[in-house]
Amino acid sequence: MQLDEIQKRLLREVADLHKVPDGAYNIRANGKSVGRSSSAHIEIEPREDGAGLTVRVQPGTKNESVHIPVVMSQSGIKEVVYNDFFIGEGADVLIVAGCGIDNCGPKDSQHDGIHRFWLEKGAHVRYVEKHYGSGDGAGKRILNPGTEVYLGEDSAMEMEMVQIKGVDDTVRSTKAELGRGAKLVVRERLMTHDSQNAISNYEVLLDGEGSSADVVSRSVAKGNSFQKFDAKLVGNAPCTGHTECDSIIMENGRILAVPGLEANHIDAALVHEAAIGKIAGDQIIKLETLGLTEKEAEEQIINGFLK
Amino acid sequence: MLELKHISFDVHTSDTDKEIIKDVSLEIGDNRLVAVTGPNGGGKSTLARLIAGIERPTSGKIILDGEDITDLSVTDRAKRGIGFAFQQPVRFKGIQVLDLLRIASGKKLSVSDACPYLASVGLCAQDYIGREVNASLSGGELKRIEIATVLARGSRLSVFDEPEAGIDLWSFQNLIEVFEGMRRKISDSSIMIISHQERILAIADEIVVIRDGTLADAGPREKILPGLIGTASAYAGCRPKKYVDGE
């Protein structure tokens with residue numbers, strides 16, 4: 001597999017990959033697949049139009065992983081990629097996605113990854129998606145991930161979404177439909193700086209009896225950046241739902257949190273929490289009494305908060 | 001070790017001009033446990049915050065080991081050997097007890113290095129080392145972790161601002177044992193505890209009484225304590241209601 005040093009670095013940032021991963025994988029670099037492997041229980045096939053993948057996990061597959069990172073090191077690439085995941089009954093897998101863009105040129109680079117997941121009865125997926133940007137060109141690094149999740153009976157999906165650095169513009173749209181007894185857990189960690197914009201929209205439909213959703217975002221907005229967190233839970237059955245937005249603002253950072261709860265069934269129990277504020281002065285002083293400077297104290301507080 | 005020379009501290013707001021500390025001079029020697037007591041609102045905590053650098057005096061000098069530290073920041077004072085335990089310990093989302101102990105010690109402590117600090121404040125290290133220092137901890141637990149960070153820091157002078165405030169009686173019994181242990185192991189350092197508690201005053205080498213912002217009395221425990229028993233400056237167990245407003 002041919003990757004240049006920048007692409008290797010991006011791969012480490014978004015997928016923690018230092019070599020070709022074990023199990024099934026597809027690595028996409030500058031708009032093309034540069035390496036792909038299926039495993040005995042997980043099949044990865046390119047779509048006919050070339051813009052994406054179909055991933056099929058056989059029923060009962062346990063403790064296997066799928067890595068599908070995307071790296072872009074050329075300025076000016078714009079792509080939309082559709083990846084579909086079919087997870088068989090009772091399977092339990094880890095899926096690591098993520099996109100790293102290095103843009104040193106004048107043109108915008110943009111990757112819009114549309115991921116759709118169908119989980120059959122009792123399936124369990126842990127999904128990790130990291131976004132990262134680097135490079136000092138005038139061109140923007142833009143990522144617009146779209147995620148759709150269809151959770152069958154008693155299936156469960158845990159999603160960890162991380163965007164810590166370097167992405168100029170992002171609109172993240174996540175939609176989920178939960179069947180009977182299904183469970184969705186989302187942990188989003190986001191930091192924006194300079195003039196970045198990040199919008200995160202969730203719409204979670206709790207359609208099945210006994211379904212549950214827990215969507216938690218922790219974020220830090222620095223510089224002149226702006227974030228919007230819009231999480232809507234819709235309870236259409238006896239269900240429980242919780243969303244939380246916990247944010248730190250620094251300098252001229254701005255955050256808009258939009259709570260959305262819609263209960264259409266008498267036994268739907270939905271909760272929303274949101275807290276936005278600057279770092280508490282006492283937290284800084286406490287760490288200063290332990291010998292840190294104000295700047296070091298801020299870094300420790302933010303690292304902990306986003307850990 | 002530490003010398004306060006004619007320290008005064010005024011607060012000016014749009015409605016009031018208030019002198020919180022009035023010309024306090026005080027010396028804390030090496031290897032001493034000094035208790036600072038006095039009625040509520042008398043300026044004890046302010047004095048502690050002035051020593052740590054969280055507040056700056058309006059006039060006067062603070063000298064540590066011969067160096068004038070009056071104009072130094074909190075960070076610089078910490079680096080020169082002043083430790084401070086907050087009356088109301090601060091909570092941090094996401095920062096774990098181990099992280100805080102590592103920051104305090106200035107070293108990348110291993111779990112086994114960090115355990116003795118928690119053990120010495122009566123916490124089972126295994127249960128706490130990975131806990132976040134957040135709202136899931138009780139007031140008593142938080143207080144003990146606060147003290148553990150000050151122990152891990154190993155400062156020349158450790159200042160404790162009302163360690164008994166906000167904790168239950170059971171935790172308080174443990175706390176006294178922690179300070180008794182610290183008193184036994186004191187070496188090349190000193191401890192200053194702001195407290196009303198008779199049991200803390202009883203283990204002090206020296207007692208300082210601050211009242212209405214002034215130094216009302218100071219001297220060896222044997223001399224000062226008998227005159228304080230049963231007053232707002234020293235009481236056993238829970239705080240009697242009549243003293244709450246600083247009578």
# chains A, B, ... in the order shown; residues from 1 in each chain; ligands from 1
>>> interface_residues(of="chain B", to="chain A", cutoff="6 Å", atoms="only C-alpha atoms", output="MDAnalysis selection string")
chainID B and resid 74:75 78:79 93:95 104
>>> residues_around(residues="Val171 in chain A", least_positions_apart="6", cutoff="8 Å", atoms="only C-alpha atoms", output="list in words")
Leu143, Asn144, Pro145, Ala198, Ile199, Ser200 and Asn201 of chain A
>>> residues_around(residues="Glu262 in chain A", least_positions_apart="3", cutoff="8 Å", atoms="only C-alpha atoms", output="ChimeraX atom specification")
/A:232-235
>>> select_by_dssp(residues="range 122-233 of chain B", states="strand (DSSP E or B)", output="ChimeraX atom specification")
/B:132,157-161,190-194,197,206-211,214-220,229
>>> atom_distance(atom1="CA of Met157 in chain A", atom2="CA of Val216 in chain A")
14.0 Å
>>> residues_around(residues="Asp23 in chain B", least_positions_apart="5", cutoff="6 Å", atoms="only C-alpha atoms", output="list in words")
His6, Ile7 and Ser8 of chain B
>>> write_last_selection(atoms="C-alpha atoms", output="mmCIF file, in the first residue's frame")
data_model
loop_
_atom_site.group_PDB
_atom_site.id
_atom_site.type_symbol
_atom_site.label_atom_id
_atom_site.label_comp_id
_atom_site.auth_asym_id
_atom_site.auth_seq_id
_atom_site.Cartn_x
_atom_site.Cartn_y
_atom_site.Cartn_z
ATOM 1 C CA HIS B 6 2.318 44.839 58.661
ATOM 2 C CA ILE B 7 -0.151 43.227 56.282
ATOM 3 C CA SER B 8 -3.345 45.153 55.539
#
>>> atom_distance(atom1="CA of Asp108 in chain A", atom2="CA of Ala51 in chain A")
19.5 Å
>>> residues_around(residues="Thr243 in chain A", least_positions_apart="5", cutoff="8 Å", atoms="only C-alpha atoms", output="PyMOL selection string")
chain A and resi 214-216+231+233+271-273
>>> closest_residue(among="B:Leu123, B:Arg91, B:Ser158, B:Pro163", to="Ser136 in chain B", atoms="only C-alpha atoms")
B:Arg91
>>> atom_distance(atom1="CA of Ser190 in chain B", atom2="CA of Gly29 in chain B")
7.4 Å
>>> closest_residue(among="A:Lys183, A:Arg47, A:His111, A:Arg36", to="Gly241 in chain A", atoms="only C-alpha atoms")
A:Lys183
>>> residues_around(residues="Asp22 in chain A", least_positions_apart="4", cutoff="9 Å", atoms="only C-alpha atoms", output="PyMOL selection string")
chain A and resi 64-67
>>> select_by_dssp(residues="range 87-189 of chain B", states="helix (DSSP H, G or I)", output="number ranges by chain")
B: 97-105, 111-119, 125-128, 139-153, 169-185
>>> write_last_selection(atoms="C-alpha atoms", output="tab-separated table (two decimals), in the first residue's frame")
chain	number	residue	atom	x	y	z
B	97	VAL	CA	-7.76	11.87	41.12
B	98	LEU	CA	-4.53	10.43	39.69
B	99	ASP	CA	-4.21	13.38	37.26
B	100	LEU	CA	-4.52	15.84	40.13
B	101	LEU	CA	-1.95	14.00	42.26
B	102	ARG	CA	0.43	13.96	39.27
B	103	ILE	CA	0.01	17.70	38.74
B	104	ALA	CA	0.52	18.30	42.47
B	105	SER	CA	3.69	16.24	42.72
B	111	VAL	CA	-0.55	4.31	40.47
B	112	SER	CA	1.52	2.68	43.20
B	113	ASP	CA	3.43	5.95	43.82
B	114	ALA	CA	0.14	7.82	44.19
B	115	CYS	CA	-1.57	5.35	46.51
B	116	PRO	CA	0.18	6.31	49.77
B	117	TYR	CA	-1.17	9.88	49.49
B	118	LEU	CA	-4.73	8.60	49.34
B	119	ALA	CA	-4.11	6.00	52.02
B	125	ALA	CA	-6.59	4.13	46.76
B	126	GLN	CA	-7.93	1.47	44.42
B	127	ASP	CA	-11.45	2.87	44.70
B	128	TYR	CA	-10.47	6.49	44.13
B	139	GLY	CA	-17.97	16.77	50.39
B	140	GLY	CA	-15.92	14.60	52.77
B	141	GLU	CA	-14.29	12.64	49.94
B	142	LEU	CA	-13.47	15.82	48.07
B	143	LYS	CA	-11.94	17.36	51.18
B	144	ARG	CA	-9.69	14.39	51.71
B	145	ILE	CA	-8.60	14.38	48.07
B	146	GLU	CA	-7.84	18.09	48.43
B	147	ILE	CA	-5.61	17.31	51.39
B	148	ALA	CA	-3.96	14.44	49.47
B	149	THR	CA	-3.02	16.88	46.69
B	150	VAL	CA	-1.39	19.16	49.25
B	151	LEU	CA	0.49	16.17	50.72
B	152	ALA	CA	1.63	15.13	47.23
B	153	ARG	CA	2.84	18.66	46.63
B	169	LEU	CA	-18.65	14.40	61.99
B	170	TRP	CA	-17.49	10.93	60.98
B	171	SER	CA	-15.24	12.34	58.28
B	172	PHE	CA	-14.04	14.94	60.75
B	173	GLN	CA	-12.75	12.24	63.13
B	174	ASN	CA	-10.67	10.85	60.26
B	175	LEU	CA	-9.45	14.30	59.37
B	176	ILE	CA	-8.07	14.89	62.84
B	177	GLU	CA	-6.10	11.66	62.50
B	178	VAL	CA	-4.72	12.88	59.16
B	179	PHE	CA	-3.45	16.09	60.77
B	180	GLU	CA	-2.08	14.21	63.77
B	181	GLY	CA	-0.16	12.02	61.31
B	182	MET	CA	1.11	15.09	59.46
B	183	ARG	CA	2.20	16.65	62.75
B	184	ARG	CA	4.22	13.54	63.63
B	185	LYS	CA	5.92	13.42	60.25
>>> residues_around(residues="Val57 in chain A", least_positions_apart="6", cutoff="8 Å", atoms="only C-alpha atoms", output="PyMOL selection string")
chain A and resi 41-43+85-88+91
>>> closest_residue(among="B:Leu228, B:Ile194, B:Asn40, B:Lys18", to="Arg211 in chain B", atoms="only C-alpha atoms")
B:Asn40
>>> closest_residue(among="A:Thr192, A:Asn197, A:Ser39, A:Asn264", to="Ile248 in chain A", atoms="only C-alpha atoms")
A:Thr192
>>> closest_residue(among="A:Glu153, A:Glu129, A:Glu79, A:Asp136", to="Cys104 in chain A", atoms="only C-alpha atoms")
A:Asp136
>>> decode(residues="range 138-180 of chain A", atoms="N, CA and C atoms", output="PDB file, in the first residue's frame")
ATOM      1  N   ALA A 138      -4.654  28.378   2.484  1.00  0.00           N
ATOM      2  CA  ALA A 138      -5.840  29.226   2.616  1.00  0.00           C
ATOM      3  C   ALA A 138      -7.109  28.414   2.371  1.00  0.00           C
ATOM      4  N   GLY A 139      -6.983  27.274   1.677  1.00  0.00           N
ATOM      5  CA  GLY A 139      -8.148  26.441   1.411  1.00  0.00           C
ATOM      6  C   GLY A 139      -8.686  25.847   2.705  1.00  0.00           C
ATOM      7  N   LYS A 140      -9.990  25.747   2.761  1.00  0.00           N
ATOM      8  CA  LYS A 140     -10.608  25.234   3.987  1.00  0.00           C
ATOM      9  C   LYS A 140     -10.585  23.711   4.031  1.00  0.00           C
ATOM     10  N   ARG A 141     -10.683  23.180   5.230  1.00  0.00           N
ATOM     11  CA  ARG A 141     -10.850  21.739   5.431  1.00  0.00           C
ATOM     12  C   ARG A 141     -12.283  21.532   5.922  1.00  0.00           C
ATOM     13  N   ILE A 142     -13.058  20.862   5.075  1.00  0.00           N
ATOM     14  CA  ILE A 142     -14.502  20.778   5.328  1.00  0.00           C
ATOM     15  C   ILE A 142     -14.920  19.315   5.433  1.00  0.00           C
ATOM     16  N   LEU A 143     -15.672  19.008   6.476  1.00  0.00           N
ATOM     17  CA  LEU A 143     -16.165  17.635   6.662  1.00  0.00           C
ATOM     18  C   LEU A 143     -17.639  17.697   7.016  1.00  0.00           C
ATOM     19  N   ASN A 144     -18.451  16.999   6.256  1.00  0.00           N
ATOM     20  CA  ASN A 144     -19.881  16.986   6.562  1.00  0.00           C
ATOM     21  C   ASN A 144     -20.361  15.540   6.695  1.00  0.00           C
ATOM     22  N   PRO A 145     -20.204  14.972   7.872  1.00  0.00           N
ATOM     23  CA  PRO A 145     -20.615  13.583   8.023  1.00  0.00           C
ATOM     24  C   PRO A 145     -22.127  13.452   8.204  1.00  0.00           C
ATOM     25  N   GLY A 146     -22.693  12.499   7.495  1.00  0.00           N
ATOM     26  CA  GLY A 146     -24.107  12.190   7.680  1.00  0.00           C
ATOM     27  C   GLY A 146     -24.199  10.750   8.156  1.00  0.00           C
ATOM     28  N   THR A 147     -24.933  10.544   9.207  1.00  0.00           N
ATOM     29  CA  THR A 147     -25.022   9.182   9.748  1.00  0.00           C
ATOM     30  C   THR A 147     -26.476   8.813   9.942  1.00  0.00           C
ATOM     31  N   GLU A 148     -26.836   7.632   9.438  1.00  0.00           N
ATOM     32  CA  GLU A 148     -28.190   7.128   9.671  1.00  0.00           C
ATOM     33  C   GLU A 148     -28.059   5.770  10.326  1.00  0.00           C
ATOM     34  N   VAL A 149     -28.835   5.576  11.374  1.00  0.00           N
ATOM     35  CA  VAL A 149     -28.730   4.330  12.131  1.00  0.00           C
ATOM     36  C   VAL A 149     -30.118   3.717  12.281  1.00  0.00           C
ATOM     37  N   TYR A 150     -30.255   2.473  11.867  1.00  0.00           N
ATOM     38  CA  TYR A 150     -31.521   1.770  12.015  1.00  0.00           C
ATOM     39  C   TYR A 150     -31.285   0.592  12.947  1.00  0.00           C
ATOM     40  N   LEU A 151     -31.846   0.698  14.140  1.00  0.00           N
ATOM     41  CA  LEU A 151     -31.554  -0.309  15.152  1.00  0.00           C
ATOM     42  C   LEU A 151     -32.719  -1.272  15.307  1.00  0.00           C
ATOM     43  N   GLY A 152     -32.466  -2.544  14.988  1.00  0.00           N
ATOM     44  CA  GLY A 152     -33.479  -3.590  15.124  1.00  0.00           C
ATOM     45  C   GLY A 152     -33.652  -3.988  16.584  1.00  0.00           C
ATOM     46  N   GLU A 153     -34.526  -4.958  16.792  1.00  0.00           N
ATOM     47  CA  GLU A 153     -34.895  -5.362  18.146  1.00  0.00           C
ATOM     48  C   GLU A 153     -33.658  -5.713  18.988  1.00  0.00           C
ATOM     49  N   ASP A 154     -33.616  -5.153  20.178  1.00  0.00           N
ATOM     50  CA  ASP A 154     -32.555  -5.450  21.159  1.00  0.00           C
ATOM     51  C   ASP A 154     -31.133  -5.238  20.619  1.00  0.00           C
ATOM     52  N   SER A 155     -30.989  -4.459  19.582  1.00  0.00           N
ATOM     53  CA  SER A 155     -29.631  -4.162  19.114  1.00  0.00           C
ATOM     54  C   SER A 155     -29.123  -2.914  19.834  1.00  0.00           C
ATOM     55  N   ALA A 156     -27.818  -2.709  19.765  1.00  0.00           N
ATOM     56  CA  ALA A 156     -27.247  -1.563  20.489  1.00  0.00           C
ATOM     57  C   ALA A 156     -26.105  -0.960  19.687  1.00  0.00           C
ATOM     58  N   MET A 157     -26.040   0.354  19.695  1.00  0.00           N
ATOM     59  CA  MET A 157     -24.939   1.037  19.018  1.00  0.00           C
ATOM     60  C   MET A 157     -24.366   2.107  19.936  1.00  0.00           C
ATOM     61  N   GLU A 158     -23.043   2.066  20.082  1.00  0.00           N
ATOM     62  CA  GLU A 158     -22.346   3.122  20.834  1.00  0.00           C
ATOM     63  C   GLU A 158     -21.508   3.894  19.829  1.00  0.00           C
ATOM     64  N   MET A 159     -21.703   5.183  19.796  1.00  0.00           N
ATOM     65  CA  MET A 159     -20.980   5.998  18.823  1.00  0.00           C
ATOM     66  C   MET A 159     -20.092   6.995  19.558  1.00  0.00           C
ATOM     67  N   GLU A 160     -18.834   7.015  19.170  1.00  0.00           N
ATOM     68  CA  GLU A 160     -17.905   7.975  19.763  1.00  0.00           C
ATOM     69  C   GLU A 160     -17.431   8.883  18.636  1.00  0.00           C
ATOM     70  N   MET A 161     -17.800  10.129  18.684  1.00  0.00           N
ATOM     71  CA  MET A 161     -17.449  11.067  17.607  1.00  0.00           C
ATOM     72  C   MET A 161     -16.497  12.122  18.171  1.00  0.00           C
ATOM     73  N   VAL A 162     -15.366  12.249  17.524  1.00  0.00           N
ATOM     74  CA  VAL A 162     -14.358  13.166  18.049  1.00  0.00           C
ATOM     75  C   VAL A 162     -13.861  14.106  16.959  1.00  0.00           C
ATOM     76  N   GLN A 163     -13.878  15.392  17.251  1.00  0.00           N
ATOM     77  CA  GLN A 163     -13.246  16.366  16.347  1.00  0.00           C
ATOM     78  C   GLN A 163     -12.552  17.394  17.211  1.00  0.00           C
ATOM     79  N   ILE A 164     -11.228  17.306  17.274  1.00  0.00           N
ATOM     80  CA  ILE A 164     -10.496  18.126  18.226  1.00  0.00           C
ATOM     81  C   ILE A 164      -9.783  19.290  17.551  1.00  0.00           C
ATOM     82  N   LYS A 165      -9.369  19.118  16.304  1.00  0.00           N
ATOM     83  CA  LYS A 165      -8.483  20.150  15.761  1.00  0.00           C
ATOM     84  C   LYS A 165      -8.567  20.260  14.249  1.00  0.00           C
ATOM     85  N   GLY A 166      -8.509  21.475  13.767  1.00  0.00           N
ATOM     86  CA  GLY A 166      -8.147  21.702  12.371  1.00  0.00           C
ATOM     87  C   GLY A 166      -9.247  21.641  11.332  1.00  0.00           C
ATOM     88  N   VAL A 167     -10.486  21.340  11.734  1.00  0.00           N
ATOM     89  CA  VAL A 167     -11.546  21.243  10.727  1.00  0.00           C
ATOM     90  C   VAL A 167     -12.292  22.586  10.690  1.00  0.00           C
ATOM     91  N   ASP A 168     -12.280  23.231   9.525  1.00  0.00           N
ATOM     92  CA  ASP A 168     -12.809  24.598   9.439  1.00  0.00           C
ATOM     93  C   ASP A 168     -14.322  24.648   9.490  1.00  0.00           C
ATOM     94  N   ASP A 169     -14.938  23.709   8.782  1.00  0.00           N
ATOM     95  CA  ASP A 169     -16.379  23.753   8.668  1.00  0.00           C
ATOM     96  C   ASP A 169     -16.924  22.350   8.758  1.00  0.00           C
ATOM     97  N   THR A 170     -17.900  22.163   9.612  1.00  0.00           N
ATOM     98  CA  THR A 170     -18.491  20.840   9.666  1.00  0.00           C
ATOM     99  C   THR A 170     -19.969  20.944   9.983  1.00  0.00           C
ATOM    100  N   VAL A 171     -20.746  20.152   9.253  1.00  0.00           N
ATOM    101  CA  VAL A 171     -22.155  19.993   9.593  1.00  0.00           C
ATOM    102  C   VAL A 171     -22.361  18.496   9.781  1.00  0.00           C
ATOM    103  N   ARG A 172     -22.643  18.121  11.009  1.00  0.00           N
ATOM    104  CA  ARG A 172     -22.817  16.702  11.298  1.00  0.00           C
ATOM    105  C   ARG A 172     -24.301  16.432  11.485  1.00  0.00           C
ATOM    106  N   SER A 173     -24.828  15.511  10.688  1.00  0.00           N
ATOM    107  CA  SER A 173     -26.241  15.169  10.827  1.00  0.00           C
ATOM    108  C   SER A 173     -26.352  13.701  11.193  1.00  0.00           C
ATOM    109  N   THR A 174     -27.001  13.443  12.273  1.00  0.00           N
ATOM    110  CA  THR A 174     -27.149  12.055  12.714  1.00  0.00           C
ATOM    111  C   THR A 174     -28.628  11.774  12.930  1.00  0.00           C
ATOM    112  N   LYS A 175     -29.099  10.680  12.285  1.00  0.00           N
ATOM    113  CA  LYS A 175     -30.495  10.288  12.461  1.00  0.00           C
ATOM    114  C   LYS A 175     -30.516   8.849  12.927  1.00  0.00           C
ATOM    115  N   ALA A 176     -31.400   8.555  13.852  1.00  0.00           N
ATOM    116  CA  ALA A 176     -31.486   7.175  14.316  1.00  0.00           C
ATOM    117  C   ALA A 176     -32.938   6.782  14.521  1.00  0.00           C
ATOM    118  N   GLU A 177     -33.243   5.532  14.214  1.00  0.00           N
ATOM    119  CA  GLU A 177     -34.568   4.973  14.488  1.00  0.00           C
ATOM    120  C   GLU A 177     -34.377   3.720  15.315  1.00  0.00           C
ATOM    121  N   LEU A 178     -35.012   3.694  16.470  1.00  0.00           N
ATOM    122  CA  LEU A 178     -34.792   2.591  17.392  1.00  0.00           C
ATOM    123  C   LEU A 178     -36.025   1.703  17.504  1.00  0.00           C
ATOM    124  N   GLY A 179     -35.804   0.403  17.343  1.00  0.00           N
ATOM    125  CA  GLY A 179     -36.880  -0.574  17.492  1.00  0.00           C
ATOM    126  C   GLY A 179     -37.011  -1.023  18.937  1.00  0.00           C
ATOM    127  N   ARG A 180     -37.802  -2.059  19.145  1.00  0.00           N
ATOM    128  CA  ARG A 180     -38.090  -2.569  20.488  1.00  0.00           C
ATOM    129  C   ARG A 180     -36.798  -2.944  21.225  1.00  0.00           C
TER     130      ARG A 180
END
